[in-house]
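Engineer: A single structure is presented below for examination.
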Amino acid sequence: MHKTVLLTGGTGLVGRQLQNALVEGGHQVHILSRSRRTSNSALVHFFQWDVAAGTIEDGALKGVTDVIHLAGASIAERWTSSYKKTVIDSRVESAQLILKHLKANDQRVESYISASASGIYQPNTGGVIYEDFGLIDKGFLGEVCTKWEAAADEFDAVADRIVKHRIGIVLDSQGGALAKMLPPIKFGLAPYFGSGNQYYSWIHIQDLVNQFVFSLENELEGVYNAVTAYLTQKELNQALAGVLGKKALALPAPKFALQLAMGEMHRILTDSLQLSNQKIKEKGFQPGFNTIEETLINLFE
């Protein structure tokens, strides 16, 4: 059955590809955007919203059957006190605004599907992490994700089901982590952070998009890790250099130097998380790219 999906974050790295996937599936997409935009597709319509002002353009919610919430300020900026507030508010207040308008319209939706992140879990525990892992990160990442998911849970007043995807490191040739890793490796250097043995849980961007669509179309409910596998940072460097045909010299970046340069944000690079995707696979979802080698070959060759 074709749906009408209200999508936030639809112009971001993941959102653009998700928008295309939804259209390919025959779904209508209403995208909330801060600026006025147009689309070449008859199935895509842009509507302006202003979270600070508490406004959503008329017509944005008309006929909407499902909501996918991706919007949120990047965490890859220095974590000053003011920016921490921006990161949280961009996720929580935007969700609350949608909920407020749905309630005002006395409108129910079939699903509310929210991004979350692997940063909700306490890192460096040394074991594989499933969705029922009870230890929550006590730092800023844990705070962001906990409040993000709590905002999603409030939609039980208007949504038949709520889905939260705890996203790992998204691999894409056009942006994100790989875009920052490429320049030094192209010059024959492979910097690693701390020991370099910390585990990164990763997913190909297309598999992430497909997981969102799968949860929309298959009546999923609850929390799911959005990862494919995990490997150490040194292994990721080696795999990327191999696909690019480069010999890269491993270059240590000591943890204390990262702390001085990046402050608390260094945790994005040094935390170790080994997430399982068993739960989503048991629901019938299968990633298209199961190894780091085939993922990188697909992205760069």
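As shown in the structure tokens, the chain order sets the letters A, B, ...; within each chain, residues go from 1, and ligands are also counted from 1 in the order they appear.
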List as a short mmCIF file (atom, residue, chain, number, x, y, z; two decimals) with C-alpha atoms, in the first residue's frame the protein and nucleic acid residues near segment 226-229 of chain A, meaning an atom at most 6 Å away when only C-alpha atoms are counted, but skip any in the same chain fewer than 3 places from it.
Structural biologist:
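Writing done, so here's selection27.cif:
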data_model
loop_
_atom_site.label_atom_id
_atom_site.label_comp_id
_atom_site.auth_asym_id
_atom_site.auth_seq_id
_atom_site.Cartn_x
_atom_site.Cartn_y
_atom_site.Cartn_z
CA HIS A 165 16.86 3.18 14.52
CA ARG A 166 20.14 3.44 16.43
CA ILE A 167 22.47 4.32 13.60
CA GLY A 168 26.18 3.49 13.52
CA SER A 201 30.00 -0.26 13.87
CA TRP A 202 29.22 0.69 10.28
CA ILE A 203 26.51 0.53 7.62
CA ASN A 277 22.13 -6.31 13.74
#
Engineer: Contacts between segment 105-127 of chain A and segment 166-275 of chain A, please, where a residue of segment 166-275 of chain A counts if it comes within 8 Å (with only C-alpha atoms); show its shortest atom pair and distance in Å to one decimal, rows by chain and ascending number, as a Markdown table.
Structural biologist:
| residue | atom | partner | partner_atom | distance |
| --- | --- | --- | --- | --- |
| A:Arg166 | CA | A:Ala117 | CA | 4.0 |
| A:Ile167 | CA | A:Ala117 | CA | 4.4 |
| A:Gly168 | CA | A:Ser118 | CA | 5.3 |
| A:Gln198 | CA | A:Asn124 | CA | 7.9 |
| A:Phe212 | CA | A:Ile113 | CA | 7.8 |
| A:Ser215 | CA | A:Ile113 | CA | 7.9 |
| A:Leu216 | CA | A:Ser111 | CA | 7.3 |
| A:Asn225 | CA | A:Ser118 | CA | 7.3 |
| A:Asp271 | CA | A:Pro123 | CA | 5.8 |
| A:Ser272 | CA | A:Asn124 | CA | 4.9 |
| A:Leu273 | CA | A:Pro123 | CA | 5.5 |
| A:Gln274 | CA | A:Gly127 | CA | 6.7 |
| A:Leu275 | CA | A:Ser118 | CA | 7.8 |
Engineer: Please return, as an MDAnalysis selection string, all residues of segment 27-242 of chain A that DSSP assigns to helix (DSSP H, G or I) on the basis of the backbone.
Structural biologist: chainID A and resid 81:104 118:120 140:157 176:186 205:217 233:242
Engineer: Let me make sure I understand: among A:Val223, A:Val209, A:Val67, A:Pro191, which one has the smallest atom-to-atom distance to Pro252 of chain A if we use only C-alpha atoms?
Structural biologist: A:Pro191
Engineer: Between A:Thr8, A:Ser276, A:Asn197, A:Gln19, which has the minimum distance to Ala95 of chain A (counting only C-alpha atoms)?
Structural biologist: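 Among the listed residues, A:Thr8 lies closest to Ala95 of chain A.
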Engineer: In segment 20-159 of chain A, what's strand (DSSP E) per DSSP? Answer as a PyMOL selection string?
Structural biologist: chain A and resi 28-33+44-50+55-56+66-69+109-117+128-129+159
Engineer: So that I can check the surroundings of Glu217 of chain A, please list as an MDAnalysis selection string every protein, DNA and RNA residue that reaches within 12 Å of it, counting only C-alpha atoms and ignoring chain neighbours fewer than 2 positions away.
Structural biologist: chainID A and resid 1:5 22 25:27 65:66 110:111 113 163 210:215 219:221 284:285
Engineer: When you count only C-alpha atoms, which of these residues is closest to Lys103 of chain A: A:Asp58, A:Glu154, A:Asp132, A:Asp50?
Structural biologist: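 Using only C-alpha atoms, the shortest distance to Lys103 of chain A belongs to A:Glu154.
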Engineer: Contacts of Tyr192 of chain A at 12 Å or less, counting only C-alpha atoms, minus same-chain residues fewer than 5 places along, as a list in words?
Structural biologist: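 That gives Met181, Pro184, Ile185, Asn197, Gln198, Tyr199, Thr232, Gln233, Lys234, Glu235, Leu236, Asn237, Gln238, Ala248, Leu249, Ala250, Leu251, Pro252, Ala253, Pro254, Lys255, Leu258, Leu269 and Thr270 of chain A.
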Engineer: Those selected residues, please, written with C-alpha atoms and delivered as an mmCIF file, in the first residue's frame.
Structural biologist:
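Saved result, selection_7.cif, follows:
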data_model
loop_
_atom_site.group_PDB
_atom_site.id
_atom_site.type_symbol
_atom_site.label_atom_id
_atom_site.label_comp_id
_atom_site.auth_asym_id
_atom_site.auth_seq_id
_atom_site.Cartn_x
_atom_site.Cartn_y
_atom_site.Cartn_z
ATOM 1 C CA MET A 181 39.231 9.793 5.957
ATOM 2 C CA PRO A 184 45.168 11.620 4.178
ATOM 3 C CA ILE A 185 44.904 8.092 2.767
ATOM 4 C CA ASN A 197 41.849 -0.799 18.053
ATOM 5 C CA GLN A 198 38.504 0.736 18.960
ATOM 6 C CA TYR A 199 35.581 -0.854 17.138
ATOM 7 C CA THR A 232 38.650 -1.661 14.273
ATOM 8 C CA GLN A 233 39.667 1.751 13.040
ATOM 9 C CA LYS A 234 43.008 0.369 11.862
ATOM 10 C CA GLU A 235 41.160 -2.306 9.861
ATOM 11 C CA LEU A 236 38.925 0.338 8.293
ATOM 12 C CA ASN A 237 41.990 2.368 7.286
ATOM 13 C CA GLN A 238 43.604 -0.708 5.713
ATOM 14 C CA ALA A 248 49.169 4.095 3.677
ATOM 15 C CA LEU A 249 51.544 4.628 6.581
ATOM 16 C CA ALA A 250 49.826 4.132 9.945
ATOM 17 C CA LEU A 251 50.210 7.356 11.899
ATOM 18 C CA PRO A 252 49.206 7.540 15.576
ATOM 19 C CA ALA A 253 47.175 10.455 16.913
ATOM 20 C CA PRO A 254 47.448 10.125 20.704
ATOM 21 C CA LYS A 255 44.244 10.354 22.682
ATOM 22 C CA LEU A 258 42.741 14.628 20.396
ATOM 23 C CA LEU A 269 36.684 8.931 17.167
ATOM 24 C CA THR A 270 37.908 7.005 20.196
#
Engineer: Given only C-alpha atoms as the basis, pick out the residue of A:Ile68, A:Leu296, A:Ile129, A:Ala73 nearest to Ile205 of chain A.
Structural biologist: A:Leu296
Engineer: Determine, counting only C-alpha atoms, which protein, DNA and RNA residues have an atom within 9 Å of an atom of Leu97 of chain A; residues of the same chain fewer than 5 positions away are not included. Present the result as a compact mmCIF listing (two decimals) with N, CA and C atoms, in the first residue's frame.
Structural biologist:
# COMPACT_ATOMS: atom_id res chain seq x y z
N VAL A 51 11.14 25.74 13.33
CA VAL A 51 11.01 25.12 14.65
C VAL A 51 11.02 26.17 15.75
N GLY A 54 7.79 27.78 15.77
CA GLY A 54 6.70 26.85 16.02
C GLY A 54 5.71 26.74 14.88
N THR A 55 6.19 26.92 13.64
CA THR A 55 5.27 26.94 12.49
C THR A 55 5.59 25.82 11.50
N ILE A 56 4.53 25.27 10.91
CA ILE A 56 4.61 24.33 9.80
C ILE A 56 3.64 24.80 8.73
N VAL A 92 14.81 17.31 19.43
CA VAL A 92 13.67 17.17 20.33
C VAL A 92 12.56 18.18 20.02
N LEU A 102 0.03 17.53 14.87
CA LEU A 102 -0.82 16.36 14.68
C LEU A 102 -1.96 16.35 15.70
Engineer: Using only C-alpha atoms, can you tell me which of A:Ile136, A:Val128, A:Ala241, A:Leu32 comes closest to Phe187 of chain A?
Structural biologist: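 Ranked by minimum distance to Phe187 of chain A, first place goes to A:Ala241.
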